[in-house]
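S.K.: Sharing my_file-v5.json below, JSON, C-alpha atoms and all ligand atoms:
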[["chain", "number", "residue", "atom", "x", "y", "z"],
["O", 6, "MET", "CA", 36.02, 133.00, 76.53],
["O", 7, "LEU", "CA", 36.86, 132.75, 72.83],
["O", 8, "LYS", "CA", 34.69, 134.93, 70.59],
["O", 9, "ARG", "CA", 34.22, 132.17, 68.03],
["O", 10, "LYS", "CA", 32.16, 129.01, 67.71],
["O", 11, "ASP", "CA", 34.96, 126.85, 66.29],
["O", 12, "LEU", "CA", 38.75, 126.56, 66.22],
["O", 13, "LEU", "CA", 39.58, 125.66, 62.62],
["O", 14, "GLY", "CA", 43.07, 127.15, 62.26],
["O", 15, "LEU", "CA", 45.34, 129.95, 63.46],
["O", 16, "TYR", "CA", 45.16, 131.89, 60.17],
["O", 17, "ASP", "CA", 42.30, 134.06, 61.44],
["O", 18, "VAL", "CA", 42.87, 133.82, 65.20],
["O", 19, "SER", "CA", 44.12, 137.02, 66.86],
["O", 20, "ALA", "CA", 47.21, 137.40, 69.05],
["O", 21, "GLU", "CA", 44.85, 138.20, 71.96],
["O", 22, "GLU", "CA", 42.98, 134.92, 71.48],
["O", 23, "ILE", "CA", 46.25, 132.97, 71.25],
["O", 24, "ASP", "CA", 47.45, 134.68, 74.42],
["O", 25, "GLU", "CA", 44.22, 133.76, 76.23],
["O", 26, "ILE", "CA", 44.57, 130.10, 75.21],
["O", 27, "LEU", "CA", 48.24, 130.02, 76.28],
["O", 28, "GLN", "CA", 47.52, 131.69, 79.65],
["O", 29, "ASN", "CA", 44.75, 129.17, 80.34],
["O", 30, "GLY", "CA", 46.92, 126.32, 79.05],
["O", 31, "MET", "CA", 49.73, 127.27, 81.44],
["O", 32, "ALA", "CA", 47.27, 127.28, 84.36],
["O", 33, "MET", "CA", 45.98, 123.84, 83.28],
["O", 34, "LYS", "CA", 49.55, 122.55, 83.01],
["O", 35, "LYS", "CA", 50.28, 123.64, 86.59],
["O", 36, "LEU", "CA", 47.30, 121.54, 87.74],
["O", 37, "LEU", "CA", 48.45, 118.55, 85.67],
["O", 38, "ARG", "CA", 51.93, 118.80, 87.19],
["O", 39, "GLN", "CA", 50.25, 118.48, 90.60],
["O", 40, "ASN", "CA", 48.46, 115.39, 89.22],
["O", 41, "ILE", "CA", 45.07, 117.15, 89.50],
["O", 42, "LYS", "CA", 42.89, 115.40, 86.92],
["O", 43, "LYS", "CA", 39.37, 115.96, 88.23],
["O", 44, "LEU", "CA", 38.09, 119.39, 87.25],
["O", 45, "PRO", "CA", 34.52, 120.65, 86.78],
["O", 46, "HIS", "CA", 34.97, 122.83, 83.68],
["O", 47, "LEU", "CA", 33.16, 120.52, 81.20],
["O", 48, "GLN", "CA", 30.71, 118.82, 83.55],
["O", 49, "GLY", "CA", 27.50, 117.96, 81.70],
["O", 50, "LYS", "CA", 29.13, 118.44, 78.28],
["O", 51, "SER", "CA", 29.65, 115.82, 75.57],
["O", 52, "VAL", "CA", 32.75, 115.75, 73.39],
["O", 53, "THR", "CA", 32.98, 113.58, 70.27],
["O", 54, "THR", "CA", 36.35, 112.81, 68.70],
["O", 55, "LEU", "CA", 35.98, 111.94, 65.03],
["O", 56, "PHE", "CA", 39.21, 110.65, 63.49],
["O", 57, "TYR", "CA", 39.40, 109.82, 59.78],
["O", 58, "GLU", "CA", 43.21, 109.51, 59.99],
["O", 59, "ASN", "CA", 45.59, 107.79, 62.41],
["O", 60, "SER", "CA", 46.66, 109.57, 65.57],
["O", 61, "THR", "CA", 48.18, 108.77, 68.95],
["O", 62, "ARG", "CA", 49.03, 112.11, 70.59],
["O", 63, "THR", "CA", 46.20, 114.33, 69.36],
["O", 64, "ARG", "CA", 43.33, 111.88, 69.82],
["O", 65, "CYS", "CA", 44.45, 110.64, 73.24],
["O", 66, "SER", "CA", 45.19, 114.10, 74.56],
["O", 67, "PHE", "CA", 41.85, 115.56, 73.45],
["O", 68, "GLU", "CA", 40.10, 112.57, 75.06],
["O", 69, "LEU", "CA", 42.06, 112.92, 78.32],
["O", 70, "ALA", "CA", 41.67, 116.72, 78.33],
["O", 71, "ALA", "CA", 37.88, 116.35, 78.05],
["O", 72, "LYS", "CA", 37.72, 113.58, 80.67],
["O", 73, "TYR", "CA", 39.93, 115.44, 83.16],
["O", 74, "MET", "CA", 37.37, 118.27, 82.99],
["O", 75, "GLY", "CA", 34.39, 115.98, 83.55],
["O", 76, "ALA", "CA", 32.96, 115.67, 80.00],
["O", 77, "HIS", "CA", 31.30, 112.61, 78.50],
["O", 78, "VAL", "CA", 33.54, 111.49, 75.64],
["O", 79, "VAL", "CA", 32.69, 109.42, 72.58],
["O", 80, "ASN", "CA", 35.52, 108.34, 70.26],
["O", 81, "ILE", "CA", 34.71, 107.53, 66.66],
["O", 82, "ALA", "CA", 37.30, 106.06, 64.31],
["O", 83, "ALA", "CA", 36.18, 106.26, 60.67],
["O", 84, "GLU", "CA", 37.35, 102.68, 60.11],
["O", 85, "SER", "CA", 34.77, 101.29, 62.54],
["O", 86, "SER", "CA", 31.89, 103.72, 61.88],
["O", 87, "SER", "CA", 29.10, 104.07, 59.32],
["O", 88, "VAL", "CA", 31.55, 106.11, 57.21],
["O", 89, "LYS", "CA", 32.61, 102.67, 55.93],
["O", 90, "LYS", "CA", 29.01, 102.16, 54.73],
["O", 91, "GLY", "CA", 29.19, 105.35, 52.66],
["O", 92, "GLU", "CA", 27.78, 107.91, 55.10],
["O", 93, "THR", "CA", 28.93, 111.46, 54.27],
["O", 94, "LEU", "CA", 30.71, 113.75, 56.73],
["O", 95, "VAL", "CA", 27.68, 116.08, 56.74],
["O", 96, "ASP", "CA", 25.28, 113.24, 57.59],
["O", 97, "THR", "CA", 27.62, 111.88, 60.26],
["O", 98, "GLY", "CA", 27.78, 115.40, 61.75],
["O", 99, "LYS", "CA", 23.98, 115.79, 61.72],
["O", 100, "THR", "CA", 23.58, 112.41, 63.43],
["O", 101, "LEU", "CA", 26.02, 113.29, 66.21],
["O", 102, "ASP", "CA", 24.48, 116.76, 66.54],
["O", 103, "ALA", "CA", 21.11, 115.10, 67.11],
["O", 104, "MET", "CA", 22.77, 113.14, 69.93],
["O", 105, "LYS", "CA", 23.61, 116.54, 71.54],
["O", 106, "SER", "CA", 27.37, 116.47, 71.17],
["O", 107, "ASP", "CA", 28.62, 119.87, 72.40],
["O", 108, "VAL", "CA", 32.07, 119.65, 70.81],
["O", 109, "PHE", "CA", 33.40, 117.79, 67.78],
["O", 110, "VAL", "CA", 37.15, 117.20, 67.51],
["O", 111, "ILE", "CA", 37.88, 116.16, 63.94],
["O", 112, "ARG", "CA", 40.95, 114.93, 62.04],
["O", 113, "HIS", "CA", 40.48, 114.40, 58.32],
["O", 114, "PRO", "CA", 42.76, 113.79, 55.32],
["O", 115, "MET", "CA", 40.99, 116.51, 53.30],
["O", 116, "GLY", "CA", 41.80, 120.17, 53.99],
["O", 117, "GLY", "CA", 38.56, 122.03, 54.75],
["O", 118, "ALA", "CA", 36.66, 119.06, 56.20],
["O", 119, "PRO", "CA", 36.46, 120.62, 59.72],
["O", 120, "ALA", "CA", 35.12, 123.87, 58.17],
["O", 121, "LEU", "CA", 32.42, 121.90, 56.36],
["O", 122, "LEU", "CA", 31.47, 120.11, 59.58],
["O", 123, "ALA", "CA", 31.39, 123.44, 61.44],
["O", 124, "LYS", "CA", 28.80, 124.77, 58.96],
["O", 125, "THR", "CA", 26.68, 121.65, 59.48],
["O", 126, "VAL", "CA", 26.57, 121.20, 63.25],
["O", 127, "LYS", "CA", 25.43, 123.34, 66.18],
["O", 128, "GLY", "CA", 28.28, 122.04, 68.36],
["O", 129, "HIS", "CA", 31.75, 123.59, 68.49],
["O", 130, "VAL", "CA", 34.25, 122.13, 66.00],
["O", 131, "VAL", "CA", 37.97, 121.82, 66.74],
["O", 132, "ASN", "CA", 40.32, 120.99, 63.89],
["O", 133, "ALA", "CA", 42.68, 118.20, 65.01],
["O", 134, "GLY", "CA", 44.54, 118.29, 61.67],
["O", 135, "ASP", "CA", 43.04, 118.54, 58.17],
["O", 136, "GLY", "CA", 45.11, 117.35, 55.21],
["O", 137, "MET", "CA", 47.92, 119.78, 54.40],
["O", 138, "ASN", "CA", 45.95, 122.73, 55.81],
["O", 139, "GLU", "CA", 46.23, 123.38, 59.59],
["O", 140, "HIS", "CA", 46.77, 121.71, 62.97],
["O", 141, "PRO", "CA", 46.04, 124.57, 65.37],
["O", 142, "SER", "CA", 46.18, 122.71, 68.69],
["O", 143, "GLN", "CA", 49.66, 121.36, 67.78],
["O", 144, "ALA", "CA", 50.98, 124.87, 67.11],
["O", 145, "LEU", "CA", 49.37, 126.13, 70.33],
["O", 146, "LEU", "CA", 51.02, 123.39, 72.38],
["O", 147, "ASP", "CA", 54.34, 124.15, 70.68],
["O", 148, "MET", "CA", 53.95, 127.84, 71.52],
["O", 149, "LEU", "CA", 52.98, 127.01, 75.10],
["O", 150, "THR", "CA", 56.15, 124.90, 75.46],
["O", 151, "MET", "CA", 58.29, 127.73, 74.03],
["O", 152, "ARG", "CA", 56.63, 130.38, 76.18],
["O", 153, "GLU", "CA", 57.22, 128.38, 79.37],
["O", 154, "ASN", "CA", 60.91, 128.17, 78.51],
["O", 155, "PHE", "CA", 61.45, 131.74, 77.30],
["O", 156, "SER", "CA", 58.61, 133.64, 79.09],
["O", 157, "SER", "CA", 57.74, 135.49, 75.84],
["O", 158, "LEU", "CA", 57.44, 134.56, 72.18],
["O", 159, "LYS", "CA", 58.27, 138.08, 71.01],
["O", 160, "GLY", "CA", 61.59, 138.13, 69.15],
["O", 161, "LEU", "CA", 62.10, 134.36, 69.52],
["O", 162, "GLN", "CA", 64.09, 132.83, 66.65],
["O", 163, "VAL", "CA", 62.44, 129.57, 65.58],
["O", 164, "ALA", "CA", 63.96, 127.30, 62.90],
["O", 165, "ILE", "CA", 61.68, 124.67, 61.37],
["O", 166, "LEU", "CA", 63.27, 121.94, 59.24],
["O", 167, "GLY", "CA", 61.52, 119.03, 57.54],
["O", 168, "ASP", "CA", 58.64, 118.26, 55.24],
["O", 169, "ILE", "CA", 57.20, 121.78, 55.13],
["O", 170, "ARG", "CA", 55.19, 121.15, 51.97],
["O", 171, "HIS", "CA", 52.91, 118.49, 53.43],
["O", 172, "SER", "CA", 52.94, 119.91, 56.95],
["O", 173, "ARG", "CA", 49.85, 121.39, 58.57],
["O", 174, "VAL", "CA", 51.99, 121.80, 61.72],
["O", 175, "ALA", "CA", 54.41, 124.14, 59.88],
["O", 176, "LYS", "CA", 51.56, 126.32, 58.60],
["O", 177, "SER", "CA", 49.79, 126.65, 61.95],
["O", 178, "ASN", "CA", 53.09, 127.37, 63.70],
["O", 179, "LEU", "CA", 53.99, 129.99, 61.11],
["O", 180, "PHE", "CA", 50.63, 131.77, 61.47],
["O", 181, "GLY", "CA", 50.68, 131.58, 65.27],
["O", 182, "LEU", "CA", 54.34, 132.41, 65.90],
["O", 183, "LYS", "CA", 54.31, 135.41, 63.53],
["O", 184, "LYS", "CA", 51.22, 136.81, 65.28],
["O", 185, "MET", "CA", 53.03, 136.48, 68.61],
["O", 186, "GLY", "CA", 56.09, 138.36, 67.31],
["O", 187, "ALA", "CA", 58.51, 135.44, 66.74],
["O", 188, "ASP", "CA", 60.78, 135.06, 63.70],
["O", 189, "VAL", "CA", 60.36, 131.85, 61.73],
["O", 190, "ARG", "CA", 63.01, 130.39, 59.39],
["O", 191, "LEU", "CA", 62.22, 127.35, 57.24],
["O", 192, "TYR", "CA", 64.51, 124.87, 55.51],
["O", 193, "ALA", "CA", 63.80, 121.72, 53.48],
["O", 194, "PRO", "CA", 64.69, 120.18, 50.13],
["O", 195, "LYS", "CA", 63.23, 122.46, 47.40],
["O", 196, "THR", "CA", 60.76, 119.70, 46.54],
["O", 197, "LEU", "CA", 59.32, 119.94, 50.05],
["O", 198, "LEU", "CA", 59.04, 123.75, 50.14],
["O", 199, "PRO", "CA", 55.85, 125.18, 48.63],
["O", 200, "ALA", "CA", 55.92, 128.61, 46.97],
["O", 201, "GLY", "CA", 54.64, 131.66, 48.82],
["O", 202, "LEU", "CA", 56.03, 130.93, 52.31],
["O", 203, "ASP", "CA", 57.87, 134.27, 52.33],
["O", 204, "LYS", "CA", 54.53, 136.02, 51.71],
["O", 205, "MET", "CA", 53.24, 134.29, 54.84],
["O", 206, "GLY", "CA", 56.07, 135.91, 56.83],
["O", 207, "ALA", "CA", 58.66, 133.12, 56.91],
["O", 208, "LYS", "CA", 62.33, 133.45, 56.05],
["O", 209, "VAL", "CA", 63.02, 130.65, 53.58],
["O", 210, "CYS", "CA", 66.68, 129.56, 54.00],
["O", 211, "THR", "CA", 69.07, 128.01, 51.52],
["O", 212, "SER", "CA", 71.09, 125.92, 53.99],
["O", 213, "ARG", "CA", 70.64, 124.11, 57.31],
["O", 214, "GLU", "CA", 73.24, 126.38, 58.86],
["O", 215, "GLU", "CA", 71.46, 129.57, 57.74],
["O", 216, "ALA", "CA", 68.19, 128.29, 59.23],
["O", 217, "VAL", "CA", 69.70, 127.29, 62.56],
["O", 218, "GLU", "CA", 72.15, 130.24, 63.01],
["O", 219, "GLY", "CA", 71.29, 131.96, 66.32],
["O", 220, "ALA", "CA", 68.04, 130.01, 66.77],
["O", 221, "ASP", "CA", 66.40, 129.70, 70.20],
["O", 222, "VAL", "CA", 64.32, 126.73, 69.07],
["O", 223, "VAL", "CA", 65.04, 124.13, 66.38],
["O", 224, "MET", "CA", 62.00, 122.13, 65.38],
["O", 225, "GLY", "CA", 62.20, 119.03, 63.21],
["O", 226, "LEU", "CA", 59.13, 118.01, 61.23],
["O", 227, "ARG", "CA", 58.24, 114.46, 60.32],
["O", 228, "ILE", "CA", 59.09, 113.26, 56.84],
["O", 229, "GLN", "CA", 55.65, 112.09, 55.84],
["O", 230, "LEU", "CA", 56.62, 108.78, 54.28],
["O", 231, "GLU", "CA", 52.96, 108.13, 53.36],
["O", 232, "ARG", "CA", 53.01, 111.25, 51.12],
["O", 233, "GLN", "CA", 56.38, 110.69, 49.40],
["O", 234, "HIS", "CA", 55.18, 108.87, 46.27],
["O", 235, "ALA", "CA", 56.72, 111.54, 44.02],
["O", 236, "GLY", "CA", 60.30, 110.84, 45.20],
["O", 237, "ASN", "CA", 60.98, 114.25, 46.71],
["O", 238, "PHE", "CA", 64.45, 113.27, 47.92],
["O", 239, "PRO", "CA", 66.78, 110.40, 47.02],
["O", 240, "SER", "CA", 66.81, 108.39, 50.27],
["O", 241, "LEU", "CA", 66.19, 108.74, 54.00],
["O", 242, "GLY", "CA", 69.95, 108.44, 54.63],
["O", 243, "GLU", "CA", 70.68, 111.38, 52.33],
["O", 244, "TYR", "CA", 67.80, 113.36, 53.83],
["O", 245, "ALA", "CA", 69.25, 112.84, 57.33],
["O", 246, "LYS", "CA", 72.74, 113.86, 56.20],
["O", 247, "PHE", "CA", 71.82, 117.03, 54.29],
["O", 248, "TYR", "CA", 68.55, 118.20, 55.85],
["O", 249, "GLY", "CA", 68.27, 116.51, 59.27],
["O", 250, "VAL", "CA", 69.12, 118.10, 62.63],
["O", 251, "ASP", "CA", 72.27, 116.78, 64.32],
["O", 252, "ASP", "CA", 74.98, 117.98, 66.72],
["O", 253, "THR", "CA", 76.98, 119.52, 63.86],
["O", 254, "VAL", "CA", 74.23, 121.90, 62.81],
["O", 255, "MET", "CA", 73.09, 122.57, 66.40],
["O", 256, "LYS", "CA", 76.49, 124.27, 66.96],
["O", 257, "TYR", "CA", 75.08, 127.17, 64.90],
["O", 258, "ALA", "CA", 72.09, 127.60, 67.24],
["O", 259, "LYS", "CA", 72.18, 129.61, 70.49],
["O", 260, "ASN", "CA", 73.81, 127.83, 73.40],
["O", 261, "GLY", "CA", 71.20, 125.50, 74.96],
["O", 262, "ALA", "CA", 68.70, 126.01, 72.12],
["O", 263, "LEU", "CA", 65.62, 123.82, 72.51],
["O", 264, "VAL", "CA", 64.99, 120.83, 70.25],
["O", 265, "MET", "CA", 61.35, 120.19, 69.44],
["O", 266, "HIS", "CA", 59.29, 117.86, 67.21],
["O", 267, "PRO", "CA", 55.51, 117.38, 67.01],
["O", 268, "GLY", "CA", 55.89, 113.59, 66.74],
["O", 269, "PRO", "CA", 55.76, 110.90, 65.66],
["O", 270, "VAL", "CA", 59.53, 111.09, 64.99],
["O", 271, "ASN", "CA", 61.45, 109.06, 62.43],
["O", 272, "ARG", "CA", 64.50, 108.54, 64.66],
["O", 273, "GLY", "CA", 67.78, 109.28, 62.91],
["O", 274, "VAL", "CA", 66.02, 111.00, 59.99],
["O", 275, "GLU", "CA", 64.61, 114.38, 61.13],
["O", 276, "LEU", "CA", 66.62, 114.38, 64.39],
["O", 277, "THR", "CA", 69.41, 112.20, 65.76],
["O", 278, "SER", "CA", 68.51, 109.90, 68.65],
["O", 279, "ALA", "CA", 71.04, 111.76, 70.83],
["O", 280, "LEU", "CA", 69.15, 115.04, 70.30],
["O", 281, "ILE", "CA", 65.71, 113.43, 70.79],
["O", 282, "ASP", "CA", 66.79, 112.02, 74.16],
["O", 283, "GLY", "CA", 69.15, 114.87, 75.14],
["O", 284, "ASP", "CA", 68.86, 117.58, 77.82],
["O", 285, "THR", "CA", 67.68, 120.25, 75.40],
["O", 286, "SER", "CA", 64.88, 118.11, 73.95],
["O", 287, "ARG", "CA", 61.36, 119.26, 74.85],
["O", 288, "ILE", "CA", 59.55, 116.52, 72.91],
["O", 289, "GLU", "CA", 58.03, 114.86, 75.99],
["O", 290, "GLU", "CA", 57.25, 118.27, 77.46],
["O", 291, "GLN", "CA", 55.30, 119.03, 74.26],
["O", 292, "VAL", "CA", 53.09, 116.00, 74.97],
["O", 293, "LEU", "CA", 52.11, 117.32, 78.43],
["O", 294, "SER", "CA", 51.59, 120.79, 76.94],
["O", 295, "GLY", "CA", 49.25, 119.06, 74.47],
["O", 296, "ILE", "CA", 46.80, 117.94, 77.14],
["O", 297, "ALA", "CA", 46.98, 121.34, 78.89],
["O", 298, "VAL", "CA", 46.39, 123.41, 75.77],
["O", 299, "ARG", "CA", 43.55, 121.14, 74.63],
["O", 300, "MET", "CA", 41.92, 121.53, 78.07],
["O", 301, "ALA", "CA", 42.18, 125.29, 77.57],
["O", 302, "ILE", "CA", 40.70, 125.13, 74.05],
["O", 303, "LEU", "CA", 37.73, 122.95, 75.11],
["O", 304, "PHE", "CA", 37.08, 125.12, 78.18],
["O", 305, "LEU", "CA", 37.33, 128.47, 76.39],
["O", 306, "LEU", "CA", 35.11, 127.40, 73.48],
["O", 307, "THR", "CA", 32.34, 126.15, 75.78],
["O", 308, "LYS", "CA", 32.82, 128.60, 78.68],
["O", 309, "GLU", "CA", 29.93, 130.95, 77.85],
["O", 310, "GLU", "CA", 27.46, 128.09, 78.12],
["O", 311, "ILE", "CA", 28.37, 127.02, 81.67],
["U", 401, "LIG", "N1", 51.62, 115.51, 66.39],
["U", 401, "LIG", "C1", 50.55, 114.78, 66.03],
["U", 401, "LIG", "O1", 49.56, 115.28, 65.46],
["U", 401, "LIG", "O2", 50.64, 113.46, 66.39],
["U", 401, "LIG", "P1", 49.53, 112.35, 66.14],
["U", 401, "LIG", "O3", 49.45, 112.12, 64.65],
["U", 401, "LIG", "O4", 50.01, 111.13, 66.89],
["U", 401, "LIG", "O5", 48.22, 112.87, 66.66]]
I'd like the structure from this file rewritten - as structure tokens, please.
Ligand code: CP
M.R.:
Amino acid sequence: MLKRKDLLGLYDVSAEEIDEILQNGMAMKKLLRQNIKKLPHLQGKSVTTLFYENSTRTRCSFELAAKYMGAHVVNIAAESSSVKKGETLVDTGKTLDAMKSDVFVIRHPMGGAPALLAKTVKGHVVNAGDGMNEHPSQALLDMLTMRENFSSLKGLQVAILGDIRHSRVAKSNLFGLKKMGADVRLYAPKTLLPAGLDKMGAKVCTSREEAVEGADVVMGLRIQLERQHAGNFPSLGEYAKFYGVDDTVMKYAKNGALVMHPGPVNRGVELTSALIDGDTSRIEEQVLSGIAVRMAILFLLTKEEI
């Protein structure tokens, strides 16, 4: 059982709580591998997914996670809801609360929107990605994938390359991995590296090779083309050549180092196609971990009430 009403980010989540989620997530993943998709954990509960931004992986996996555990699920896309008529987030939350939704899973372009919803509603709120702030379930599924492959996160060397500045995935991974004892190195064009990352515990590197040297895991992050109005790098081709992950730079990593990416991937930009589809890629494995870890989150947040 998690000792919190909501999961808004990993900034203030303890190592013990992360461990509990990962342990439960690994148990859920075992069941999924056996194709067991009818569990009683959320029977009689209602889960609402509320997406104000596009999503494939996160929305579908929260929906499937809830359904596999017997919940009633309502999916709301902002585009087709009363949000388009001017309804505020607070009023939308109050309306859904009155309908007895037990859990709200929200993605929103504004950082802090899930925290505002959490103050408004009685139900549990799970942040499914808010602006440039956090994406806790993504980092938890990444950590679950790493832990399955290495048995422990302690001392793991994780290199993250890509659009760190706009990335909620990078922040949640940094908070979570540091708490679990891993070392995190970051590399990106200077225009895509915000100040203060070293104070958050990351090693900020000055070359691809420095970031990847001796790494157990190399994670590419999506270049967020929708947020590149300021011209943060000259072209995608140059980004791929100087900042992307390819076979040349992977030679600096440990033998057999894992290649990961939260998706969606810009093929040939953050990672080469050969690496995405290669033996060391865990990108598809991350997707299965996503359902498992979201089952664990939904179960642990609501467990006390069953
Ligand atoms: N990784 C991730 O959040 O993917 P979606 O945008 O498809 O949910």
S.K.: Tell me, as a PyMOL selection string, which residues lie within 10 Å of Arg272 in chain O, counting all atoms listed in the file; anything in the same chain fewer than 4 positions away does not count.
M.R.: chain O and resi 227+245+276-281
S.K.: Excluding same-chain residues fewer than 4 positions from Leu69 in chain O, what lies within 12 Å of it counting all atoms listed in the file, as an mmCIF file with C-alpha atoms, keeping the file's coordinate frame?
M.R.:
data_model
loop_
_atom_site.group_PDB
_atom_site.id
_atom_site.type_symbol
_atom_site.label_atom_id
_atom_site.label_comp_id
_atom_site.auth_asym_id
_atom_site.auth_seq_id
_atom_site.Cartn_x
_atom_site.Cartn_y
_atom_site.Cartn_z
ATOM 1 C CA LEU O 37 48.450 118.550 85.670
ATOM 2 C CA LYS O 42 42.890 115.400 86.920
ATOM 3 C CA LYS O 43 39.370 115.960 88.230
ATOM 4 C CA LEU O 44 38.090 119.390 87.250
ATOM 5 C CA VAL O 52 32.750 115.750 73.390
ATOM 6 C CA THR O 54 36.350 112.810 68.700
ATOM 7 C CA THR O 61 48.180 108.770 68.950
ATOM 8 C CA ARG O 62 49.030 112.110 70.590
ATOM 9 C CA THR O 63 46.200 114.330 69.360
ATOM 10 C CA ARG O 64 43.330 111.880 69.820
ATOM 11 C CA CYS O 65 44.450 110.640 73.240
ATOM 12 C CA TYR O 73 39.930 115.440 83.160
ATOM 13 C CA MET O 74 37.370 118.270 82.990
ATOM 14 C CA GLY O 75 34.390 115.980 83.550
ATOM 15 C CA ALA O 76 32.960 115.670 80.000
ATOM 16 C CA HIS O 77 31.300 112.610 78.500
ATOM 17 C CA VAL O 78 33.540 111.490 75.640
ATOM 18 C CA VAL O 79 32.690 109.420 72.580
ATOM 19 C CA ASN O 80 35.520 108.340 70.260
ATOM 20 C CA VAL O 292 53.090 116.000 74.970
ATOM 21 C CA LEU O 293 52.110 117.320 78.430
ATOM 22 C CA GLY O 295 49.250 119.060 74.470
ATOM 23 C CA ILE O 296 46.800 117.940 77.140
ATOM 24 C CA ALA O 297 46.980 121.340 78.890
ATOM 25 C CA VAL O 298 46.390 123.410 75.770
ATOM 26 C CA ARG O 299 43.550 121.140 74.630
ATOM 27 C CA MET O 300 41.920 121.530 78.070
ATOM 28 C CA LEU O 303 37.730 122.950 75.110
#
S.K.: Name the residues, by chain letter and number, that sit within 9 Å of ligand LIG 401 (chain U) using all atoms listed in the file, and give them as JSON, numbers by chain.
M.R.: {"O": [58, 59, 60, 61, 62, 63, 64, 65, 66, 112, 133, 134, 140, 142, 143, 174, 266, 267, 268, 269, 292]}
S.K.: Rank nothing, just name the residue among O:Met224, O:Val274, O:Met205, O:Ala123 nearest to Gly242 in chain O, using only C-alpha atoms.
M.R.: O:Val274
S.K.: Using only C-alpha atoms for the distances, tell me which of O:Tyr16, O:Lys105, O:Leu305, O:Val126 is nearest to Leu182 in chain O.
M.R.: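 For Leu182 in chain O, the nearest of the candidates is O:Tyr16.
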S.K.: Hey, which of O:Leu197, O:Ile81, O:Ile228, O:Ala20 ends up closest to Leu158 in chain O? Count all atoms listed in the file.
M.R.: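 Using all atoms listed in the file, the shortest distance to Leu158 in chain O belongs to O:Ala20.
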S.K.: Could you please determine the separation between CA of Gly225 in chain O and CA of Ala83 in chain O in Å, to one decimal place?
M.R.: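 Interatomic distance, CA of Gly225 in chain O to CA of Ala83 in chain O: 29.1 Å.
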S.K.: Please measure the separation of CA of Glu289 in chain O and CA of Ala207 in chain O, giving the value in Å to one decimal.
M.R.: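 Computed distance, CA of Glu289 in chain O to CA of Ala207 in chain O, equals 26.4 Å.
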S.K.: Tell me which of O:Val270, O:Leu36, O:Ile23, O:Ala120 sits closest to Phe180 in chain O, counting all atoms listed in the file.
M.R.: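 Counting all atoms listed in the file, the residue closest to Phe180 in chain O is O:Ile23.
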S.K.: Between CA of Tyr257 in chain O and CA of Leu161 in chain O, what is the distance in Å, rounded to a tenth?
M.R.: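 Result for CA of Tyr257 in chain O versus CA of Leu161 in chain O: 15.5 Å, one decimal.
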